[in-house]
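Colleague: One file is attached below, input.pdb, containing PDB, C-alpha atoms and all ligand atoms.
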```pdb
ATOM      1  CA  LEU A   3     -30.732  -3.967  -4.619  1.00  0.00           C
ATOM      2  CA  ALA A   4     -26.956  -3.596  -4.947  1.00  0.00           C
ATOM      3  CA  PRO A   5     -25.704  -1.449  -7.838  1.00  0.00           C
ATOM      4  CA  LYS A   6     -23.938  -3.613 -10.436  1.00  0.00           C
ATOM      5  CA  ASP A   7     -21.134  -1.086 -10.861  1.00  0.00           C
ATOM      6  CA  LEU A   8     -18.425  -3.784 -10.740  1.00  0.00           C
ATOM      7  CA  GLU A   9     -20.178  -5.962 -13.345  1.00  0.00           C
ATOM      8  CA  GLY A  10     -17.688  -7.727 -15.586  1.00  0.00           C
ATOM      9  CA  ARG A  11     -14.644  -6.562 -13.559  1.00  0.00           C
ATOM     10  CA  LYS A  12     -12.151  -9.181 -12.470  1.00  0.00           C
ATOM     11  CA  VAL A  13     -11.166  -8.500  -8.875  1.00  0.00           C
ATOM     12  CA  LEU A  14      -8.346 -10.094  -6.873  1.00  0.00           C
ATOM     13  CA  ILE A  15      -8.583 -10.017  -3.072  1.00  0.00           C
ATOM     14  CA  THR A  16      -6.008 -11.268  -0.555  1.00  0.00           C
ATOM     15  CA  LEU A  17      -7.101 -11.912   2.997  1.00  0.00           C
ATOM     16  CA  GLY A  18      -6.189 -13.493   6.301  1.00  0.00           C
ATOM     17  CA  PRO A  19      -2.791 -14.116   7.842  1.00  0.00           C
ATOM     18  CA  THR A  20       0.101 -16.098   6.422  1.00  0.00           C
ATOM     19  CA  ARG A  21       1.758 -18.894   8.382  1.00  0.00           C
ATOM     20  CA  GLU A  22       5.488 -19.299   8.175  1.00  0.00           C
ATOM     21  CA  GLN A  23       6.398 -22.787   9.362  1.00  0.00           C
ATOM     22  CA  TRP A  24       9.464 -23.153  11.609  1.00  0.00           C
ATOM     23  CA  ASP A  25       9.439 -26.807  12.771  1.00  0.00           C
ATOM     24  CA  ALA A  26       6.899 -29.647  12.543  1.00  0.00           C
ATOM     25  CA  VAL A  27       4.453 -27.947  14.929  1.00  0.00           C
ATOM     26  CA  ARG A  28       5.358 -24.244  15.210  1.00  0.00           C
ATOM     27  CA  PHE A  29       4.793 -21.298  12.911  1.00  0.00           C
ATOM     28  CA  TRP A  30       5.107 -17.485  12.836  1.00  0.00           C
ATOM     29  CA  SER A  31       1.827 -15.672  12.128  1.00  0.00           C
ATOM     30  CA  ASN A  32      -0.567 -12.899  13.264  1.00  0.00           C
ATOM     31  CA  PRO A  33      -4.208 -12.568  14.438  1.00  0.00           C
ATOM     32  CA  SER A  34      -5.873 -11.657  11.118  1.00  0.00           C
ATOM     33  CA  SER A  35      -9.315 -13.305  10.901  1.00  0.00           C
ATOM     34  CA  GLY A  36      -9.801 -12.457   7.222  1.00  0.00           C
ATOM     35  CA  THR A  37     -13.008 -10.533   8.027  1.00  0.00           C
ATOM     36  CA  MET A  38     -11.952  -7.258   6.380  1.00  0.00           C
ATOM     37  CA  GLY A  39     -10.970  -9.096   3.191  1.00  0.00           C
ATOM     38  CA  ALA A  40     -14.138 -11.204   3.207  1.00  0.00           C
ATOM     39  CA  CYS A  41     -16.196  -7.986   3.456  1.00  0.00           C
ATOM     40  CA  MET A  42     -14.267  -6.541   0.476  1.00  0.00           C
ATOM     41  CA  ALA A  43     -14.847  -9.771  -1.460  1.00  0.00           C
ATOM     42  CA  MET A  44     -18.576  -9.986  -0.658  1.00  0.00           C
ATOM     43  CA  ALA A  45     -19.188  -6.311  -1.471  1.00  0.00           C
ATOM     44  CA  ALA A  46     -17.450  -6.690  -4.855  1.00  0.00           C
ATOM     45  CA  TYR A  47     -19.347  -9.945  -5.512  1.00  0.00           C
ATOM     46  CA  LEU A  48     -22.726  -8.332  -4.720  1.00  0.00           C
ATOM     47  CA  ARG A  49     -21.821  -5.430  -7.040  1.00  0.00           C
ATOM     48  CA  GLY A  50     -21.342  -7.871  -9.914  1.00  0.00           C
ATOM     49  CA  ALA A  51     -17.559  -8.465  -9.919  1.00  0.00           C
ATOM     50  CA  ASP A  52     -15.911 -11.725 -10.868  1.00  0.00           C
ATOM     51  CA  VAL A  53     -14.018 -12.206  -7.583  1.00  0.00           C
ATOM     52  CA  THR A  54     -10.968 -14.374  -6.880  1.00  0.00           C
ATOM     53  CA  VAL A  55      -9.853 -14.620  -3.275  1.00  0.00           C
ATOM     54  CA  VAL A  56      -6.348 -15.697  -2.306  1.00  0.00           C
ATOM     55  CA  ALA A  57      -6.884 -16.718   1.293  1.00  0.00           C
ATOM     56  CA  GLY A  58      -4.429 -17.427   4.071  1.00  0.00           C
ATOM     57  CA  PRO A  59      -5.624 -19.829   6.792  1.00  0.00           C
ATOM     58  CA  THR A  60      -9.007 -18.645   8.199  1.00  0.00           C
ATOM     59  CA  ALA A  61     -12.325 -20.170   9.275  1.00  0.00           C
ATOM     60  CA  LEU A  62     -14.205 -18.340   6.503  1.00  0.00           C
ATOM     61  CA  THR A  63     -16.366 -19.811   3.743  1.00  0.00           C
ATOM     62  CA  PHE A  64     -17.298 -18.148   0.452  1.00  0.00           C
ATOM     63  CA  PRO A  65     -20.065 -18.439  -2.177  1.00  0.00           C
ATOM     64  CA  CYS A  66     -19.478 -21.502  -4.352  1.00  0.00           C
ATOM     65  CA  ASP A  67     -19.159 -19.433  -7.550  1.00  0.00           C
ATOM     66  CA  MET A  68     -16.398 -17.271  -6.071  1.00  0.00           C
ATOM     67  CA  GLY A  69     -12.862 -18.343  -6.974  1.00  0.00           C
ATOM     68  CA  VAL A  70     -10.895 -19.231  -3.847  1.00  0.00           C
ATOM     69  CA  VAL A  71      -7.194 -20.093  -3.801  1.00  0.00           C
ATOM     70  CA  PRO A  72      -6.179 -21.321  -0.337  1.00  0.00           C
ATOM     71  CA  VAL A  73      -2.551 -20.670   0.619  1.00  0.00           C
ATOM     72  CA  ARG A  74      -0.477 -20.873   3.798  1.00  0.00           C
ATOM     73  CA  SER A  75       2.764 -18.982   3.476  1.00  0.00           C
ATOM     74  CA  ALA A  76       3.662 -15.548   2.090  1.00  0.00           C
ATOM     75  CA  ARG A  77       5.609 -17.183  -0.715  1.00  0.00           C
ATOM     76  CA  GLN A  78       2.570 -19.266  -1.733  1.00  0.00           C
ATOM     77  CA  MET A  79       0.408 -16.101  -1.632  1.00  0.00           C
ATOM     78  CA  TYR A  80       3.001 -14.302  -3.759  1.00  0.00           C
ATOM     79  CA  GLU A  81       3.019 -17.119  -6.375  1.00  0.00           C
ATOM     80  CA  ALA A  82      -0.802 -17.188  -6.581  1.00  0.00           C
ATOM     81  CA  CYS A  83      -1.139 -13.390  -6.822  1.00  0.00           C
ATOM     82  CA  THR A  84       1.598 -12.826  -9.396  1.00  0.00           C
ATOM     83  CA  ASP A  85       0.046 -15.590 -11.577  1.00  0.00           C
ATOM     84  CA  LEU A  86      -3.456 -14.060 -11.336  1.00  0.00           C
ATOM     85  CA  TRP A  87      -2.664 -10.327 -11.501  1.00  0.00           C
ATOM     86  CA  PRO A  88      -2.019  -9.905 -15.271  1.00  0.00           C
ATOM     87  CA  ASP A  89      -5.614 -11.024 -15.959  1.00  0.00           C
ATOM     88  CA  MET A  90      -7.242  -8.803 -13.274  1.00  0.00           C
ATOM     89  CA  ASP A  91      -8.878  -5.374 -13.488  1.00  0.00           C
ATOM     90  CA  MET A  92      -8.596  -4.592  -9.795  1.00  0.00           C
ATOM     91  CA  GLY A  93      -6.636  -5.786  -6.795  1.00  0.00           C
ATOM     92  CA  CYS A  94      -7.420  -5.277  -3.123  1.00  0.00           C
ATOM     93  CA  LEU A  95      -4.764  -6.642  -0.783  1.00  0.00           C
ATOM     94  CA  THR A  96      -6.044  -6.885   2.783  1.00  0.00           C
ATOM     95  CA  ALA A  97      -3.936  -9.867   3.889  1.00  0.00           C
ATOM     96  CA  ALA A  98      -1.614  -9.530   6.858  1.00  0.00           C
ATOM     97  CA  VAL A  99       1.420 -11.003   5.130  1.00  0.00           C
ATOM     98  CA  ALA A 100       4.427 -11.936   7.264  1.00  0.00           C
ATOM     99  CA  ASP A 101       7.275  -9.673   6.185  1.00  0.00           C
ATOM    100  CA  TYR A 102       9.743 -12.248   7.549  1.00  0.00           C
ATOM    101  CA  ARG A 103       9.821 -16.046   7.839  1.00  0.00           C
ATOM    102  CA  PRO A 104      11.892 -18.051  10.298  1.00  0.00           C
ATOM    103  CA  VAL A 105      14.723 -20.046   8.765  1.00  0.00           C
ATOM    104  CA  PRO A 106      13.214 -23.556   9.098  1.00  0.00           C
ATOM    105  CA  PHE A 107      14.477 -25.822  11.860  1.00  0.00           C
ATOM    106  CA  GLY A 108      13.389 -28.842   9.808  1.00  0.00           C
ATOM    107  CA  GLU A 109      10.549 -31.347   9.481  1.00  0.00           C
ATOM    108  CA  THR A 110      10.836 -32.737  12.997  1.00  0.00           C
ATOM    109  CA  LYS A 111       9.752 -31.158  16.276  1.00  0.00           C
ATOM    110  CA  PHE A 112      12.348 -29.008  18.007  1.00  0.00           C
ATOM    111  CA  LYS A 113      13.078 -30.486  21.433  1.00  0.00           C
ATOM    112  CA  LYS A 114      13.230 -28.214  24.443  1.00  0.00           C
ATOM    113  CA  ASN A 115      16.683 -27.760  25.928  1.00  0.00           C
ATOM    114  CA  THR A 116      16.203 -28.584  29.607  1.00  0.00           C
ATOM    115  CA  SER A 117      19.370 -26.967  30.960  1.00  0.00           C
ATOM    116  CA  ALA A 118      18.375 -24.074  33.216  1.00  0.00           C
ATOM    117  CA  GLY A 119      18.172 -20.624  31.653  1.00  0.00           C
ATOM    118  CA  SER A 120      18.913 -21.678  28.096  1.00  0.00           C
ATOM    119  CA  GLY A 121      17.017 -19.845  25.372  1.00  0.00           C
ATOM    120  CA  ILE A 122      17.062 -20.213  21.614  1.00  0.00           C
ATOM    121  CA  THR A 123      17.757 -17.815  18.767  1.00  0.00           C
ATOM    122  CA  VAL A 124      15.668 -17.993  15.610  1.00  0.00           C
ATOM    123  CA  GLU A 125      16.895 -16.383  12.413  1.00  0.00           C
ATOM    124  CA  PHE A 126      14.513 -14.748   9.929  1.00  0.00           C
ATOM    125  CA  GLU A 127      14.595 -14.241   6.160  1.00  0.00           C
ATOM    126  CA  THR A 128      12.695 -11.569   4.212  1.00  0.00           C
ATOM    127  CA  ASN A 129       9.494 -12.487   2.351  1.00  0.00           C
ATOM    128  CA  PRO A 130       8.592 -10.906  -0.994  1.00  0.00           C
ATOM    129  CA  ASP A 131       6.315  -7.842  -0.918  1.00  0.00           C
ATOM    130  CA  ILE A 132       3.260  -8.942  -2.917  1.00  0.00           C
ATOM    131  CA  LEU A 133       1.541  -5.542  -3.067  1.00  0.00           C
ATOM    132  CA  LYS A 134       4.721  -3.778  -4.192  1.00  0.00           C
ATOM    133  CA  THR A 135       5.314  -6.401  -6.890  1.00  0.00           C
ATOM    134  CA  LEU A 136       1.759  -6.001  -8.243  1.00  0.00           C
ATOM    135  CA  GLY A 137       2.122  -2.199  -8.119  1.00  0.00           C
ATOM    136  CA  GLN A 138       5.366  -2.328 -10.101  1.00  0.00           C
ATOM    137  CA  SER A 139       3.740  -4.393 -12.855  1.00  0.00           C
ATOM    138  CA  LYS A 140       0.416  -2.488 -12.868  1.00  0.00           C
ATOM    139  CA  ARG A 141      -0.697  -1.845 -16.424  1.00  0.00           C
ATOM    140  CA  GLU A 142      -2.868   0.944 -17.843  1.00  0.00           C
ATOM    141  CA  GLY A 143      -6.444   0.552 -16.579  1.00  0.00           C
ATOM    142  CA  GLN A 144      -5.644  -1.720 -13.623  1.00  0.00           C
ATOM    143  CA  LYS A 145      -6.507  -0.357 -10.179  1.00  0.00           C
ATOM    144  CA  LEU A 146      -4.744  -1.410  -7.005  1.00  0.00           C
ATOM    145  CA  MET A 147      -5.848  -0.878  -3.407  1.00  0.00           C
ATOM    146  CA  GLY A 148      -3.694  -1.657  -0.382  1.00  0.00           C
ATOM    147  CA  PHE A 149      -4.242  -1.646   3.352  1.00  0.00           C
ATOM    148  CA  ALA A 150      -1.851  -0.448   6.032  1.00  0.00           C
ATOM    149  CA  ALA A 151      -1.813  -1.763   9.600  1.00  0.00           C
ATOM    150  CA  GLU A 152      -0.072   0.748  11.847  1.00  0.00           C
ATOM    151  CA  THR A 153       0.510   1.500  15.522  1.00  0.00           C
ATOM    152  CA  GLY A 154       1.521   5.129  14.984  1.00  0.00           C
ATOM    153  CA  ASN A 155       2.246   7.743  12.271  1.00  0.00           C
ATOM    154  CA  LEU A 156      -0.824   6.462  10.410  1.00  0.00           C
ATOM    155  CA  ARG A 157      -1.023   9.254   7.826  1.00  0.00           C
ATOM    156  CA  GLU A 158       2.707   9.391   7.074  1.00  0.00           C
ATOM    157  CA  GLU A 159       2.935   5.606   6.713  1.00  0.00           C
ATOM    158  CA  ALA A 160      -0.175   5.514   4.500  1.00  0.00           C
ATOM    159  CA  ALA A 161       1.312   8.207   2.225  1.00  0.00           C
ATOM    160  CA  ARG A 162       4.651   6.383   2.055  1.00  0.00           C
ATOM    161  CA  LYS A 163       3.020   3.043   1.160  1.00  0.00           C
ATOM    162  CA  LEU A 164       0.683   4.632  -1.441  1.00  0.00           C
ATOM    163  CA  GLU A 165       3.735   6.110  -3.178  1.00  0.00           C
ATOM    164  CA  THR A 166       6.322   3.321  -2.851  1.00  0.00           C
ATOM    165  CA  LYS A 167       3.862   0.551  -3.802  1.00  0.00           C
ATOM    166  CA  ASN A 168       2.354   2.519  -6.731  1.00  0.00           C
ATOM    167  CA  LEU A 169      -1.233   2.274  -5.429  1.00  0.00           C
ATOM    168  CA  ASP A 170      -4.454   4.007  -6.456  1.00  0.00           C
ATOM    169  CA  LEU A 171      -5.822   3.923  -2.933  1.00  0.00           C
ATOM    170  CA  ILE A 172      -4.681   2.979   0.556  1.00  0.00           C
ATOM    171  CA  ALA A 173      -6.864   2.249   3.573  1.00  0.00           C
ATOM    172  CA  ALA A 174      -4.929   2.603   6.816  1.00  0.00           C
ATOM    173  CA  ASN A 175      -6.060   1.352  10.215  1.00  0.00           C
ATOM    174  CA  ASP A 176      -4.501   2.004  13.609  1.00  0.00           C
ATOM    175  CA  ILE A 177      -4.462  -1.521  15.025  1.00  0.00           C
ATOM    176  CA  SER A 178      -3.767  -0.277  18.567  1.00  0.00           C
ATOM    177  CA  ARG A 179      -7.224   1.352  18.787  1.00  0.00           C
ATOM    178  CA  ALA A 180     -10.186  -0.577  20.224  1.00  0.00           C
ATOM    179  CA  GLY A 181     -12.693  -1.575  17.541  1.00  0.00           C
ATOM    180  CA  SER A 182     -10.115  -1.224  14.770  1.00  0.00           C
ATOM    181  CA  GLY A 183      -7.921  -3.715  12.928  1.00  0.00           C
ATOM    182  CA  PHE A 184      -7.474  -7.411  13.725  1.00  0.00           C
ATOM    183  CA  GLY A 185     -10.258  -9.781  14.696  1.00  0.00           C
ATOM    184  CA  VAL A 186     -13.094  -7.281  15.286  1.00  0.00           C
ATOM    185  CA  ALA A 187     -16.235  -6.554  13.242  1.00  0.00           C
ATOM    186  CA  THR A 188     -15.513  -2.804  12.963  1.00  0.00           C
ATOM    187  CA  ASN A 189     -12.713  -0.648  11.587  1.00  0.00           C
ATOM    188  CA  GLU A 190     -11.639   2.987  11.655  1.00  0.00           C
ATOM    189  CA  MET A 191      -9.928   4.039   8.442  1.00  0.00           C
ATOM    190  CA  PHE A 192      -7.789   6.835   7.125  1.00  0.00           C
ATOM    191  CA  VAL A 193      -8.201   6.700   3.341  1.00  0.00           C
ATOM    192  CA  LEU A 194      -5.796   8.289   0.910  1.00  0.00           C
ATOM    193  CA  ASP A 195      -5.731   8.055  -2.874  1.00  0.00           C
ATOM    194  CA  SER A 196      -3.380   8.857  -5.742  1.00  0.00           C
ATOM    195  CA  LYS A 197      -5.526  11.895  -6.672  1.00  0.00           C
ATOM    196  CA  GLY A 198      -4.619  13.429  -3.296  1.00  0.00           C
ATOM    197  CA  ARG A 199      -8.010  12.894  -1.652  1.00  0.00           C
ATOM    198  CA  LYS A 200      -7.797  12.221   2.116  1.00  0.00           C
ATOM    199  CA  GLU A 201     -10.640  11.099   4.364  1.00  0.00           C
ATOM    200  CA  GLN A 202     -10.824  10.095   8.011  1.00  0.00           C
ATOM    201  CA  TRP A 203     -13.779   7.792   8.600  1.00  0.00           C
ATOM    202  CA  PRO A 204     -15.396   7.109  12.002  1.00  0.00           C
ATOM    203  CA  GLN A 205     -15.548   3.596  13.418  1.00  0.00           C
ATOM    204  CA  LEU A 206     -17.843   1.605  11.096  1.00  0.00           C
ATOM    205  CA  PRO A 207     -18.797  -2.036  10.541  1.00  0.00           C
ATOM    206  CA  LYS A 208     -16.264  -3.687   8.189  1.00  0.00           C
ATOM    207  CA  THR A 209     -19.180  -4.394   5.802  1.00  0.00           C
ATOM    208  CA  GLU A 210     -19.784  -0.624   5.537  1.00  0.00           C
ATOM    209  CA  VAL A 211     -16.042   0.141   5.235  1.00  0.00           C
ATOM    210  CA  ALA A 212     -15.823  -2.304   2.319  1.00  0.00           C
ATOM    211  CA  TRP A 213     -18.802  -0.773   0.527  1.00  0.00           C
ATOM    212  CA  ARG A 214     -17.359   2.748   0.907  1.00  0.00           C
ATOM    213  CA  LEU A 215     -13.895   1.671  -0.268  1.00  0.00           C
ATOM    214  CA  TRP A 216     -15.285   0.311  -3.550  1.00  0.00           C
ATOM    215  CA  ASP A 217     -17.320   3.554  -3.937  1.00  0.00           C
ATOM    216  CA  HIS A 218     -14.134   5.553  -3.383  1.00  0.00           C
ATOM    217  CA  LEU A 219     -12.043   3.533  -5.848  1.00  0.00           C
ATOM    218  CA  LEU A 220     -14.736   3.909  -8.519  1.00  0.00           C
ATOM    219  CA  LEU A 221     -15.027   7.711  -8.115  1.00  0.00           C
TER     220      LEU A 221
HETATM  221  O1  LIG B   1      -8.449  -9.871   8.934  1.00  0.00           O
HETATM  222  P1  LIG B   1      -9.057  -8.994  10.017  1.00  0.00           P
HETATM  223  O2  LIG B   1      -9.058  -9.673  11.369  1.00  0.00           O
HETATM  224  O3  LIG B   1     -10.415  -8.477   9.624  1.00  0.00           O
HETATM  225  O4  LIG B   1      -8.097  -7.735  10.211  1.00  0.00           O
HETATM  226  C1  LIG B   1      -8.030  -6.770   9.196  1.00  0.00           C
HETATM  227  C2  LIG B   1      -6.586  -6.283   8.979  1.00  0.00           C
HETATM  228  C3  LIG B   1      -6.079  -5.585  10.251  1.00  0.00           C
HETATM  229  C4  LIG B   1      -5.655  -7.476   8.648  1.00  0.00           C
HETATM  230  C5  LIG B   1      -6.651  -5.290   7.766  1.00  0.00           C
HETATM  231  O5  LIG B   1      -7.524  -4.226   8.049  1.00  0.00           O
HETATM  232  C6  LIG B   1      -5.277  -4.734   7.432  1.00  0.00           C
HETATM  233  O6  LIG B   1      -4.797  -3.748   7.976  1.00  0.00           O
HETATM  234  N1  LIG B   1      -4.577  -5.417   6.466  1.00  0.00           N
HETATM  235  C7  LIG B   1      -3.191  -5.099   6.096  1.00  0.00           C
HETATM  236  C8  LIG B   1      -2.250  -5.788   7.043  1.00  0.00           C
HETATM  237  C9  LIG B   1      -0.786  -5.536   6.717  1.00  0.00           C
HETATM  238  O7  LIG B   1      -0.043  -6.467   6.535  1.00  0.00           O
HETATM  239  O8  LIG B   1      -0.431  -4.265   6.607  1.00  0.00           O
HETATM  240  P2  LIG B   1       1.055  -3.748   6.236  1.00  0.00           P
HETATM  241  O9  LIG B   1       1.017  -2.296   6.551  1.00  0.00           O
HETATM  242  O10 LIG B   1       2.097  -4.586   6.912  1.00  0.00           O
HETATM  243  O11 LIG B   1       1.160  -4.005   4.691  1.00  0.00           O
HETATM  244  C10 LIG B   1       0.814  -3.005   3.732  1.00  0.00           C
HETATM  245  C11 LIG B   1       0.146  -3.641   2.540  1.00  0.00           C
HETATM  246  O12 LIG B   1       1.098  -4.473   1.840  1.00  0.00           O
HETATM  247  C12 LIG B   1      -1.074  -4.519   2.814  1.00  0.00           C
HETATM  248  O13 LIG B   1      -2.011  -4.320   1.775  1.00  0.00           O
HETATM  249  C13 LIG B   1      -0.513  -5.949   2.774  1.00  0.00           C
HETATM  250  O14 LIG B   1      -1.494  -6.881   2.323  1.00  0.00           O
HETATM  251  C14 LIG B   1       0.598  -5.793   1.731  1.00  0.00           C
HETATM  252  N2  LIG B   1       1.770  -6.679   1.907  1.00  0.00           N
HETATM  253  C15 LIG B   1       2.566  -6.567   3.008  1.00  0.00           C
HETATM  254  C16 LIG B   1       3.694  -7.331   3.132  1.00  0.00           C
HETATM  255  C17 LIG B   1       4.010  -8.253   2.097  1.00  0.00           C
HETATM  256  N3  LIG B   1       5.087  -9.025   2.199  1.00  0.00           N
HETATM  257  N4  LIG B   1       3.209  -8.355   1.020  1.00  0.00           N
HETATM  258  C18 LIG B   1       2.096  -7.590   0.914  1.00  0.00           C
HETATM  259  O15 LIG B   1       1.337  -7.696  -0.070  1.00  0.00           O
END
```
Kindly present the structure from the file in structure tokens form.
Ligand code: PMT

Modeller:
Amino acid sequence: LAPKDLEGRKVLITLGPTREQWDAVRFWSNPSSGTMGACMAMAAYLRGADVTVVAGPTALTFPCDMGVVPVRSARQMYEACTDLWPDMDMGCLTAAVADYRPVPFGETKFKKNTSAGSGITVEFETNPDILKTLGQSKREGQKLMGFAAETGNLREEAARKLETKNLDLIAANDISRAGSGFGVATNEMFVLDSKGRKEQWPQLPKTEVAWRLWDHLLL
């Protein structure tokens, strides 16, 4: 039987990718499946938490008594999370949020320019940083966990994000390693917390990673 050590806690989870629409048919996104976030959500749910998931577009389904807020873009995810956060005890932001969005072409489909060799230039605008915003408004007693997806300097980047986003814990994965990161059932984490504890975990099922991360945050 699962321990009910998150009983009565309100937990916010973000998961999946965001989609930043450019024209009627094209968008900017990434390969997040939402699996890591779903494992965090299910582990918290089984441990008794009152879970609300803010989900980018994925193929996942959730228990019917779990709150689910479907969103598409980073700005929609930001609006949902900043509305929910004041009422939460814990936040765990696993979503792969697009840092930039293309300046929209419009509501019609962009037509290919058929003259030989012609390319196009797309301009990008900056999206809000949801995790940083929640960290800045974190009140006494709230706990905030972030993830970091890196292709190098894993430990330095994890330390920088823990500090600049005012987190209690960060779980960093090197997405260039096989069996780690996007779209796989396993992950390999470097975990760092605001008390200075550092742990390198071996490759583990995401279900196991999620269970250990809640253990670590509760320590
Ligand atoms: O979904 P899966 O296929 O299971 O893949 C899991 C995962 C690779 C998506 C996951 O393990 C992971 O690493 N999630 C974080 C992805 C990410 O966007 O990392 P980042 O280093 O760019 O962002 C750092 C943190 O800030 C993250 O908690 C992210 O959710 C958050 N963020 C980032 C940008 C932004 N504009 N707003 C945010 O809240």

Colleague: Please identify every polymer residue within 6 Å of ligand LIG 1 (chain B), using only C-alpha atoms and all ligand atoms, and present the set as a ChimeraX atom specification.

Modeller: /A:18,34-38,95-101,129-133,148-151,175,183-185

Colleague: Per residue of stretch 114-143 of chain A within 12 Å of stretch 72-89 of chain A, note the shortest atom pair and the distance in Å to one decimal, counting only C-alpha atoms, and order the rows by chain and increasing residue number, as JSON lines.

Modeller:
```
{"residue": "A:Glu127", "atom": "CA", "partner": "A:Arg77", "partner_atom": "CA", "distance": 11.7}
{"residue": "A:Thr128", "atom": "CA", "partner": "A:Ala76", "partner_atom": "CA", "distance": 10.1}
{"residue": "A:Asn129", "atom": "CA", "partner": "A:Ala76", "partner_atom": "CA", "distance": 6.6}
{"residue": "A:Pro130", "atom": "CA", "partner": "A:Arg77", "partner_atom": "CA", "distance": 7.0}
{"residue": "A:Asp131", "atom": "CA", "partner": "A:Tyr80", "partner_atom": "CA", "distance": 7.8}
{"residue": "A:Ile132", "atom": "CA", "partner": "A:Tyr80", "partner_atom": "CA", "distance": 5.4}
{"residue": "A:Leu133", "atom": "CA", "partner": "A:Tyr80", "partner_atom": "CA", "distance": 8.9}
{"residue": "A:Lys134", "atom": "CA", "partner": "A:Tyr80", "partner_atom": "CA", "distance": 10.7}
{"residue": "A:Thr135", "atom": "CA", "partner": "A:Thr84", "partner_atom": "CA", "distance": 7.8}
{"residue": "A:Leu136", "atom": "CA", "partner": "A:Thr84", "partner_atom": "CA", "distance": 6.9}
{"residue": "A:Gly137", "atom": "CA", "partner": "A:Trp87", "partner_atom": "CA", "distance": 10.0}
{"residue": "A:Gln138", "atom": "CA", "partner": "A:Thr84", "partner_atom": "CA", "distance": 11.2}
{"residue": "A:Ser139", "atom": "CA", "partner": "A:Pro88", "partner_atom": "CA", "distance": 8.3}
{"residue": "A:Lys140", "atom": "CA", "partner": "A:Pro88", "partner_atom": "CA", "distance": 8.2}
{"residue": "A:Arg141", "atom": "CA", "partner": "A:Pro88", "partner_atom": "CA", "distance": 8.2}
{"residue": "A:Glu142", "atom": "CA", "partner": "A:Pro88", "partner_atom": "CA", "distance": 11.2}
{"residue": "A:Gly143", "atom": "CA", "partner": "A:Pro88", "partner_atom": "CA", "distance": 11.4}
```

Colleague: Could you write out that same residue set with C-alpha atoms as a compact mmCIF listing (two decimals), keeping the file's coordinate frame?

Modeller:
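What follows is the written file part_27.txt:
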```txt
# COMPACT_ATOMS: atom_id res chain seq x y z
CA GLU A 127 14.60 -14.24 6.16
CA THR A 128 12.70 -11.57 4.21
CA ASN A 129 9.49 -12.49 2.35
CA PRO A 130 8.59 -10.91 -0.99
CA ASP A 131 6.32 -7.84 -0.92
CA ILE A 132 3.26 -8.94 -2.92
CA LEU A 133 1.54 -5.54 -3.07
CA LYS A 134 4.72 -3.78 -4.19
CA THR A 135 5.31 -6.40 -6.89
CA LEU A 136 1.76 -6.00 -8.24
CA GLY A 137 2.12 -2.20 -8.12
CA GLN A 138 5.37 -2.33 -10.10
CA SER A 139 3.74 -4.39 -12.86
CA LYS A 140 0.42 -2.49 -12.87
CA ARG A 141 -0.70 -1.84 -16.42
CA GLU A 142 -2.87 0.94 -17.84
CA GLY A 143 -6.44 0.55 -16.58
```

Colleague: Just so the selection is clear, what residues does the PyMOL selection byres (((chain A and resi 160) around 12) and not hetatm) cover here, as a ChimeraX atom specification?

Modeller: /A:147-159,161-176,191-196,198,200-201

Colleague: Within 10 Å of (-18.3, -10.1, -11.2), in the coordinates the file gives, what residues turn up when you count all atoms listed in the file, written out as a list in words?

Modeller: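 Those within range, by chain then number, are Lys6, Asp7, Leu8, Glu9, Gly10, Arg11, Lys12, Val13, Ala46, Tyr47, Leu48, Arg49, Gly50, Ala51, Asp52, Val53, Thr54 and Met68 of chain A.
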
Colleague: Quick one: apply the PyMOL selection byres (((chain A and resi 213) around 12) and not hetatm) to the file and drop the selected residues here as a count of residues only.

Modeller: 30

Colleague: What does the structure give for the distance between atom CA of A:Gly181 and atom CA of A:Pro33, in Å to one decimal?

Modeller: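 About the pair atom CA of A:Gly181 and atom CA of A:Pro33: they are 14.2 Å apart.
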
Colleague: Using all atoms listed in the file for the distances, tell me which of A:Leu62, A:Pro106, A:Leu3, A:Gln23 is nearest to A:Val124.

Modeller: A:Pro106

Colleague: For a test of reading the model, state the distance in Å between atom CA of A:Ser178 and atom CA of A:Arg21, rounded to one decimal.

Modeller: 21.9 Å

Colleague: The centre and edge lengths of an axis-aligned box containing all atoms of stretch 80-84 of chain A present in the file, extended by 6 Å on each side, are to be given in Å to one decimal, as AutoDock Vina command-line options.

Modeller:
```
--center_x 0.9 --center_y -15.0 --center_z -6.6 --size_x 16.2 --size_y 16.4 --size_z 17.6
```

Colleague: Between A:Thr123, A:Pro104, A:Ala57, A:Gln144, which residue has the minimum interatomic distance to A:Met92, considering only C-alpha atoms?

Modeller: A:Gln144

Colleague: Applying 10 Å and only C-alpha atoms, which residues near A:Val70 remain after dropping the ones on its own chain fewer than 3 positions away? List them as a PDB file with C-alpha atoms, keeping the file's coordinate frame.

Modeller:
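Generated output (part_30.pdb):
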```pdb
ATOM      1  CA  LEU A  14      -8.346 -10.094  -6.873  1.00  0.00           C
ATOM      2  CA  ILE A  15      -8.583 -10.017  -3.072  1.00  0.00           C
ATOM      3  CA  THR A  16      -6.008 -11.268  -0.555  1.00  0.00           C
ATOM      4  CA  VAL A  53     -14.018 -12.206  -7.583  1.00  0.00           C
ATOM      5  CA  THR A  54     -10.968 -14.374  -6.880  1.00  0.00           C
ATOM      6  CA  VAL A  55      -9.853 -14.620  -3.275  1.00  0.00           C
ATOM      7  CA  VAL A  56      -6.348 -15.697  -2.306  1.00  0.00           C
ATOM      8  CA  ALA A  57      -6.884 -16.718   1.293  1.00  0.00           C
ATOM      9  CA  THR A  63     -16.366 -19.811   3.743  1.00  0.00           C
ATOM     10  CA  PHE A  64     -17.298 -18.148   0.452  1.00  0.00           C
ATOM     11  CA  PRO A  65     -20.065 -18.439  -2.177  1.00  0.00           C
ATOM     12  CA  CYS A  66     -19.478 -21.502  -4.352  1.00  0.00           C
ATOM     13  CA  ASP A  67     -19.159 -19.433  -7.550  1.00  0.00           C
ATOM     14  CA  VAL A  73      -2.551 -20.670   0.619  1.00  0.00           C
TER      15      VAL A  73
END
```
